[in-house]
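K.L.:
The following block contains the structure, expressed as C-alpha cells.
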Amino acid sequence: MNIKKSAFNISPRHQAYAALALWGAIVLLLLRHGPYGIDESAARALLLSWSIADQVANSALTFGMPDLRILPFLPVGFLWSGSVFAAKVFTVLLLALSSWMLFGWKSRSGSPESALLATGLLMISPLALAQIDAISTGIYLLACFALGHWLDVQFRGNPRPFNGWFFAQIFLCAFSVSLHPAGLAYPLALAWSVRGGPLAPKYQRYFLGGVAFAVLFFLIPKYLFSMRILWNDLVWFQNPVKSLGTVFSGSSLDEAEPVLQWLPGGLVLGLAVGIVLLKFRTLCQDLTGRTLLIGLFLGSAVGDQAWAMIVLAVVLYFGLPMLLRPADASAQGGFMKQRGWVLALVFIGSTLFMHADKAYYQAGRSGGLTAQDELIKTVATGAESERRAAEADDGVKRPRFIVASQWPGRTMIACKCDTFPLPPVKHDDPQAQLASLHSVTYLALDPKETANIDLARNLSLLGGVVETISLQAGGVLLHVKDDAAAKPAEVRP
C-alpha cells in the first residue's frame with residue numbers, strides 16, 4: 001500500500017496539519033469569552049503583561065511575582081492588551097504544538113498507531129478543554145515536557161558547551177519550576193540523563209550547576225526569606241480522586257452523587273498506578289517518560305487538575321500500547337481480534353469525551369459559573385454600579401471602589417477596579433486589623449478556608465464597621481463603612 005499519498009492525493013503530513021487546524025477552530029468555538037473561569041496565576045501573569053504593554057502601573061505589582069508565563073504573554077499583551085481570549089488562543093496553539101511533539105516522540109520510541117490514538121484522545125479530552133479555557137498550568141507543563149525532549153535531541157546532535165541549546169534547556173528548567181511543583185520533574189529528569197550525555201565530565205558539572213541555579217533561584221527566596229513568589233496561589237493536598245474525575249467531565253463534580261464523584265477518578269487513579277507498576281522500566285527509558293513519571297509523583301502533593309493532565313498523558317501514551325498487539329500477530333486472528341476491541345474502547349472513550357465537551361460548552365453558554373466566580377461576579381456588578389453612580393453624580397465626591405480579594409488577579413480582571421491581596425492577619429487585634437485595611441472598601445474571601453479563619457474572626461469582631469453584603473457558597477463579600485478610618489471601631493467582645 002502506498003503510504004506516501006492517501007485520500008485526494010494529499011500527503012499524511014498535510015492531512016495532519018489540516019486536522020490540527022480544524023481541531024483548533026472547533027476548540028475556539030467552545031471556549032468562553034468572558035473574564036470568568038480563568039486560573040489565578042494566569043490572571044496575575046496577564047495583568048502584569050498588560051501593565052508592561054500599556055506602560056501603566058497598577059496594583060498587580062503587589063500580587064507578588066507571577067510565574068514565567070508572563071514572558072510568552074508579553075507579545076499577546078502588546079498586540080491585544082486587555083484580551084483574555086487572546087491568551088486562550090495562544091494556549092490552544094501551544095497545546096497543538098505540544099501534541100505534535102508528543103506524537104512524534106511516541107512514534108519514534110513506540111508505535112505510531114498508539115501515538116495517534118493517544119494524541120487524539122488527549123486533544124479532545126474535557127480536561128484539556130477546561131485547562132485551555134482556564135489558561136491553566138496543565139497545558140504549559142505538558143508543553144515544557146514535550147519541548148524539553150526536542151531540546152535534548154537538538155543538544156545531543158550538537159553537543160558543544162555553552163551553545164544556544166545548552167542555555168535553552170536551563171531556561172526551560174526555570175520556566176517549568178515556576179509553574180507548578182510537578183515542573184520540578186523536568187530539571188530532575190534532565191539531571192538524571194546528563195550523565196549519559198555527550199558532554200565531557202567537566203562540562204557536565206557546569207550543566208548540572210546551571211540546572212541547579214535555575215531551580216534554586218525560585219525555591220530559595222520562598223523558603224529561606226519567606227518571599228511569596230512561587231506557587232503562592234496553590235491549594236496543597238487536594239483530593240486527587242476528585243481532580244482525576246475531571247478527566248471525564250472537565251469540571252468539578254462536587255454537586256454530583258458520591259458515586260459519580262469517586263468512581264471516574266478512582267478508575268483513572270487505578271489505571272495510572274497499574275501502568276506505572278507494569279511499565280516502570282519503559283517510563284524510565286527516555287527523558288520524556290522519566291519527566292512524566294517524576295511529575296506524576298511530585299504533582300500528587302497538590303493533586304489539582306494540572307497534575308491530572310500529567311496523569312492523563314501517562315495513561316494514554318503508556319496504557320494504549322499495552323492494549324495494542326503487535327502487527328505481525330495479525331495472522332493469528334482477524335481484525336476484531338487484533339484491533340477491533342481496542343478501537344471499540346477508543347470509540348467509547350471519545351464519545352464520552354465529546355459528550356462532556358458539549359456539556360461544558362452548554363454550561364458556558366448558559367452562564368454557569370463556579371461558586372468563586374459567582375462571588376467575583378457580585379464584586380464586578382457592584383463596581384459597575386459604583387461607576388454608573390459616579391458618572392451620574394457630577395461633582396459629588398464618592399469613595400473609591402477598592403477591593404481586597406482572596407483572588408486578586410481574577411477579581412481585577414472581572415471588575416476592572418483597584419484590587420489588592422487580603423491584608424496580613426493581626427492576631428487577636430481587631431483594631432490593628434482595621435488599620436491594616438487602609439482605604440479598602442470591600443473584601444472578598446472564603447472564610448471557611450484555614451488560611452482565612454483568623455482574618456475572618458478579626459473582621460467579625462468589627463461588626464459596627466464591617467458589614468456583610470453577600471454571603472454565598474463561594475465566600476463572603478464584606479463592606480467597610482466610609483467612616484471606618486475617621487473614628488475608632490467599636491469592638492464587640
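Chain lettering (A, B, ...) mirrors the order of the C-alpha cells, residue numbering begins at 1 for each chain separately, and ligand numbering begins at 1 in order of display.
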Using the chain letters and numbers from this document, which residues of range 253-402 of chain A does DSSP assign to alpha helix (DSSP H), as a PyMOL selection string?

P.N.:
chain A and resi 258-278+280-283+287-299+305-323+335+341-365+371-392

K.L.:
At a cut-off of 12 Å, using only C-alpha atoms, what residues contact Gly270 in chain A? Leave out same-chain residues fewer than 5 positions from it and give the result as an MDAnalysis selection string.

P.N.:
chainID A and resid 240:241 244:245 262:265 275:277 311:312 315 319

K.L.:
Pull N, CA and C atoms from the residues just selected and write them as a PDB file, in the first residue's frame.

P.N.:
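Printed below is selection.pdb as written:
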ATOM      1  N   PRO A 240      -7.031  13.922  45.201  1.00  0.00           N
ATOM      2  CA  PRO A 240      -6.617  13.573  43.842  1.00  0.00           C
ATOM      3  C   PRO A 240      -7.690  12.832  43.065  1.00  0.00           C
ATOM      4  N   VAL A 241      -8.544  12.107  43.753  1.00  0.00           N
ATOM      5  CA  VAL A 241      -9.580  11.342  43.059  1.00  0.00           C
ATOM      6  C   VAL A 241     -10.580  12.285  42.401  1.00  0.00           C
ATOM      7  N   LEU A 244      -8.905  13.858  39.358  1.00  0.00           N
ATOM      8  CA  LEU A 244      -8.829  12.921  38.239  1.00  0.00           C
ATOM      9  C   LEU A 244     -10.203  12.651  37.631  1.00  0.00           C
ATOM     10  N   GLY A 245     -11.258  12.844  38.409  1.00  0.00           N
ATOM     11  CA  GLY A 245     -12.602  12.686  37.854  1.00  0.00           C
ATOM     12  C   GLY A 245     -12.917  13.712  36.785  1.00  0.00           C
ATOM     13  N   TRP A 262     -16.490   9.802  42.919  1.00  0.00           N
ATOM     14  CA  TRP A 262     -15.335   8.960  43.219  1.00  0.00           C
ATOM     15  C   TRP A 262     -15.041   7.921  42.150  1.00  0.00           C
ATOM     16  N   LEU A 263     -16.047   7.426  41.446  1.00  0.00           N
ATOM     17  CA  LEU A 263     -15.831   6.330  40.503  1.00  0.00           C
ATOM     18  C   LEU A 263     -14.931   6.722  39.335  1.00  0.00           C
ATOM     19  N   PRO A 264     -15.178   7.834  38.601  1.00  0.00           N
ATOM     20  CA  PRO A 264     -14.296   8.167  37.468  1.00  0.00           C
ATOM     21  C   PRO A 264     -12.858   8.420  37.894  1.00  0.00           C
ATOM     22  N   GLY A 265     -12.684   9.200  38.966  1.00  0.00           N
ATOM     23  CA  GLY A 265     -11.333   9.472  39.436  1.00  0.00           C
ATOM     24  C   GLY A 265     -10.638   8.226  39.949  1.00  0.00           C
ATOM     25  N   ILE A 275      -0.326   1.092  35.431  1.00  0.00           N
ATOM     26  CA  ILE A 275       0.595   1.342  34.312  1.00  0.00           C
ATOM     27  C   ILE A 275       1.993   1.640  34.834  1.00  0.00           C
ATOM     28  N   VAL A 276       2.089   2.418  35.916  1.00  0.00           N
ATOM     29  CA  VAL A 276       3.409   2.726  36.483  1.00  0.00           C
ATOM     30  C   VAL A 276       4.091   1.452  36.975  1.00  0.00           C
ATOM     31  N   LEU A 277       3.336   0.577  37.621  1.00  0.00           N
ATOM     32  CA  LEU A 277       3.929  -0.657  38.126  1.00  0.00           C
ATOM     33  C   LEU A 277       4.359  -1.588  37.004  1.00  0.00           C
ATOM     34  N   VAL A 311      -1.227  12.895  34.588  1.00  0.00           N
ATOM     35  CA  VAL A 311      -1.723  11.529  34.770  1.00  0.00           C
ATOM     36  C   VAL A 311      -2.410  11.045  33.500  1.00  0.00           C
ATOM     37  N   LEU A 312      -3.211  11.905  32.878  1.00  0.00           N
ATOM     38  CA  LEU A 312      -3.890  11.528  31.636  1.00  0.00           C
ATOM     39  C   LEU A 312      -2.890  11.201  30.548  1.00  0.00           C
ATOM     40  N   VAL A 315      -1.413   7.746  31.235  1.00  0.00           N
ATOM     41  CA  VAL A 315      -2.380   6.677  30.941  1.00  0.00           C
ATOM     42  C   VAL A 315      -2.516   6.466  29.432  1.00  0.00           C
ATOM     43  N   GLY A 319      -0.498   3.479  28.394  1.00  0.00           N
ATOM     44  CA  GLY A 319      -1.525   2.467  28.579  1.00  0.00           C
ATOM     45  C   GLY A 319      -2.027   1.885  27.275  1.00  0.00           C
TER      46      GLY A 319
END

K.L.:
Sorted by chain and rising residue number, list the residues of range 378-484 of chain A at most 10 Å from range 43-55 of chain A (counting only C-alpha atoms), each with its closest atom pair and distance in Å to one decimal, as JSON lines.

P.N.:
{"residue": "A:Trp407", "atom": "CA", "partner": "A:Ala43", "partner_atom": "CA", "distance": 9.3}
{"residue": "A:Pro408", "atom": "CA", "partner": "A:Arg44", "partner_atom": "CA", "distance": 8.0}
{"residue": "A:Gly409", "atom": "CA", "partner": "A:Arg44", "partner_atom": "CA", "distance": 4.9}
{"residue": "A:Arg410", "atom": "CA", "partner": "A:Ala43", "partner_atom": "CA", "distance": 5.7}
{"residue": "A:Thr411", "atom": "CA", "partner": "A:Ala43", "partner_atom": "CA", "distance": 9.0}
{"residue": "A:Met412", "atom": "CA", "partner": "A:Leu47", "partner_atom": "CA", "distance": 8.4}
{"residue": "A:Ile413", "atom": "CA", "partner": "A:Ala43", "partner_atom": "CA", "distance": 7.4}

K.L.:
To test your reading of the structure, identify every residue in range 413-449 of chain A that backbone DSSP assigns to strand (DSSP E), and report it as a VMD selection string.

P.N.:
chain A and resid 418 to 421 442 to 445

K.L.:
Could those residues be written to a file, using N, CA and C atoms, as a PDB file, in the first residue's frame?

P.N.:
ATOM      1  N   ASP A 418      -9.541  48.849  41.312  1.00  0.00           N
ATOM      2  CA  ASP A 418      -8.359  48.688  42.148  1.00  0.00           C
ATOM      3  C   ASP A 418      -8.548  47.483  43.065  1.00  0.00           C
ATOM      4  N   THR A 419      -7.623  46.548  42.980  1.00  0.00           N
ATOM      5  CA  THR A 419      -7.729  45.314  43.752  1.00  0.00           C
ATOM      6  C   THR A 419      -6.390  45.005  44.399  1.00  0.00           C
ATOM      7  N   PHE A 420      -6.454  44.528  45.639  1.00  0.00           N
ATOM      8  CA  PHE A 420      -5.255  44.172  46.385  1.00  0.00           C
ATOM      9  C   PHE A 420      -5.448  42.795  47.014  1.00  0.00           C
ATOM     10  N   PRO A 421      -4.356  42.139  47.370  1.00  0.00           N
ATOM     11  CA  PRO A 421      -4.495  40.885  48.127  1.00  0.00           C
ATOM     12  C   PRO A 421      -5.076  41.157  49.511  1.00  0.00           C
ATOM     13  N   TYR A 442     -14.097  47.140  50.195  1.00  0.00           N
ATOM     14  CA  TYR A 442     -14.759  45.841  50.100  1.00  0.00           C
ATOM     15  C   TYR A 442     -13.725  44.735  50.254  1.00  0.00           C
ATOM     16  N   LEU A 443     -14.158  43.616  50.819  1.00  0.00           N
ATOM     17  CA  LEU A 443     -13.317  42.433  50.938  1.00  0.00           C
ATOM     18  C   LEU A 443     -14.079  41.224  50.426  1.00  0.00           C
ATOM     19  N   ALA A 444     -13.398  40.391  49.654  1.00  0.00           N
ATOM     20  CA  ALA A 444     -13.983  39.152  49.131  1.00  0.00           C
ATOM     21  C   ALA A 444     -13.074  38.000  49.535  1.00  0.00           C
ATOM     22  N   LEU A 445     -13.629  37.049  50.267  1.00  0.00           N
ATOM     23  CA  LEU A 445     -12.827  35.923  50.735  1.00  0.00           C
ATOM     24  C   LEU A 445     -13.721  34.753  51.087  1.00  0.00           C
TER      25      LEU A 445
END

K.L.:
Counting only C-alpha atoms, which residue out of A:Glu40, A:Trp236, A:Thr288, A:Leu352 sits closest to Tyr317 in chain A?

P.N.:
A:Thr288

K.L.:
How far is it from CA of Met309 in chain A to CA of Leu141 in chain A, in Å with one decimal?

P.N.:
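About the pair CA of Met309 in chain A and CA of Leu141 in chain A: they are 8.7 Å apart.
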
K.L.:
Using only C-alpha atoms, can you tell me which of A:Gly110, A:Gly37, A:Gly164, A:Pro75 comes closest to Ser251 in chain A?

P.N.:
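So, comparing all the options, the nearest one is A:Gly37.
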
K.L.:
Could you work out how far CA of Leu188 in chain A lies from CA of Leu216 in chain A, giving the answer in Å with one decimal?

P.N.:
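CA of Leu188 in chain A lies 12.5 Å from CA of Leu216 in chain A.
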
K.L.:
Could you check the closest approach to Ala174 in chain A for each of A:Lys448, A:Arg69, A:Lys481, A:Arg156 and tell me which residue wins, using only C-alpha atoms?

P.N.:
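Selected residue with least distance to Ala174 in chain A: A:Arg69.
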
K.L.:
For His33 in chain A, which of A:Phe171, A:Gly266, A:Asp286, A:Arg365 is the closest residue, counting only C-alpha atoms?

P.N.:
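Result for the nearest residue to His33 in chain A: A:Arg365.
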
K.L.:
List the neighbours of Ser114 in chain A out to 9 Å using only C-alpha atoms; skip same-chain residues closer than 6 positions along the sequence, and give me the result as an NGL selection string.

P.N.:
:A and (106-107 or 316-318 or 320-321 or 324)

K.L.:
Ranking A:Ala118, A:Leu29, A:Leu20, A:Ile70 by minimum distance to Leu93 in chain A and counting only C-alpha atoms, which one comes first?

P.N.:
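Of the candidates, the smallest distance to Leu93 in chain A is held by A:Leu20.
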
K.L.:
Leaving out Tyr186 in chain A and any residue of its chain fewer than 2 positions from it, which residues lie within 7 Å of it when counting only C-alpha atoms, given as an NGL selection string?

P.N.:
:A and (145 or 173 or 183-184 or 188-190 or 291)
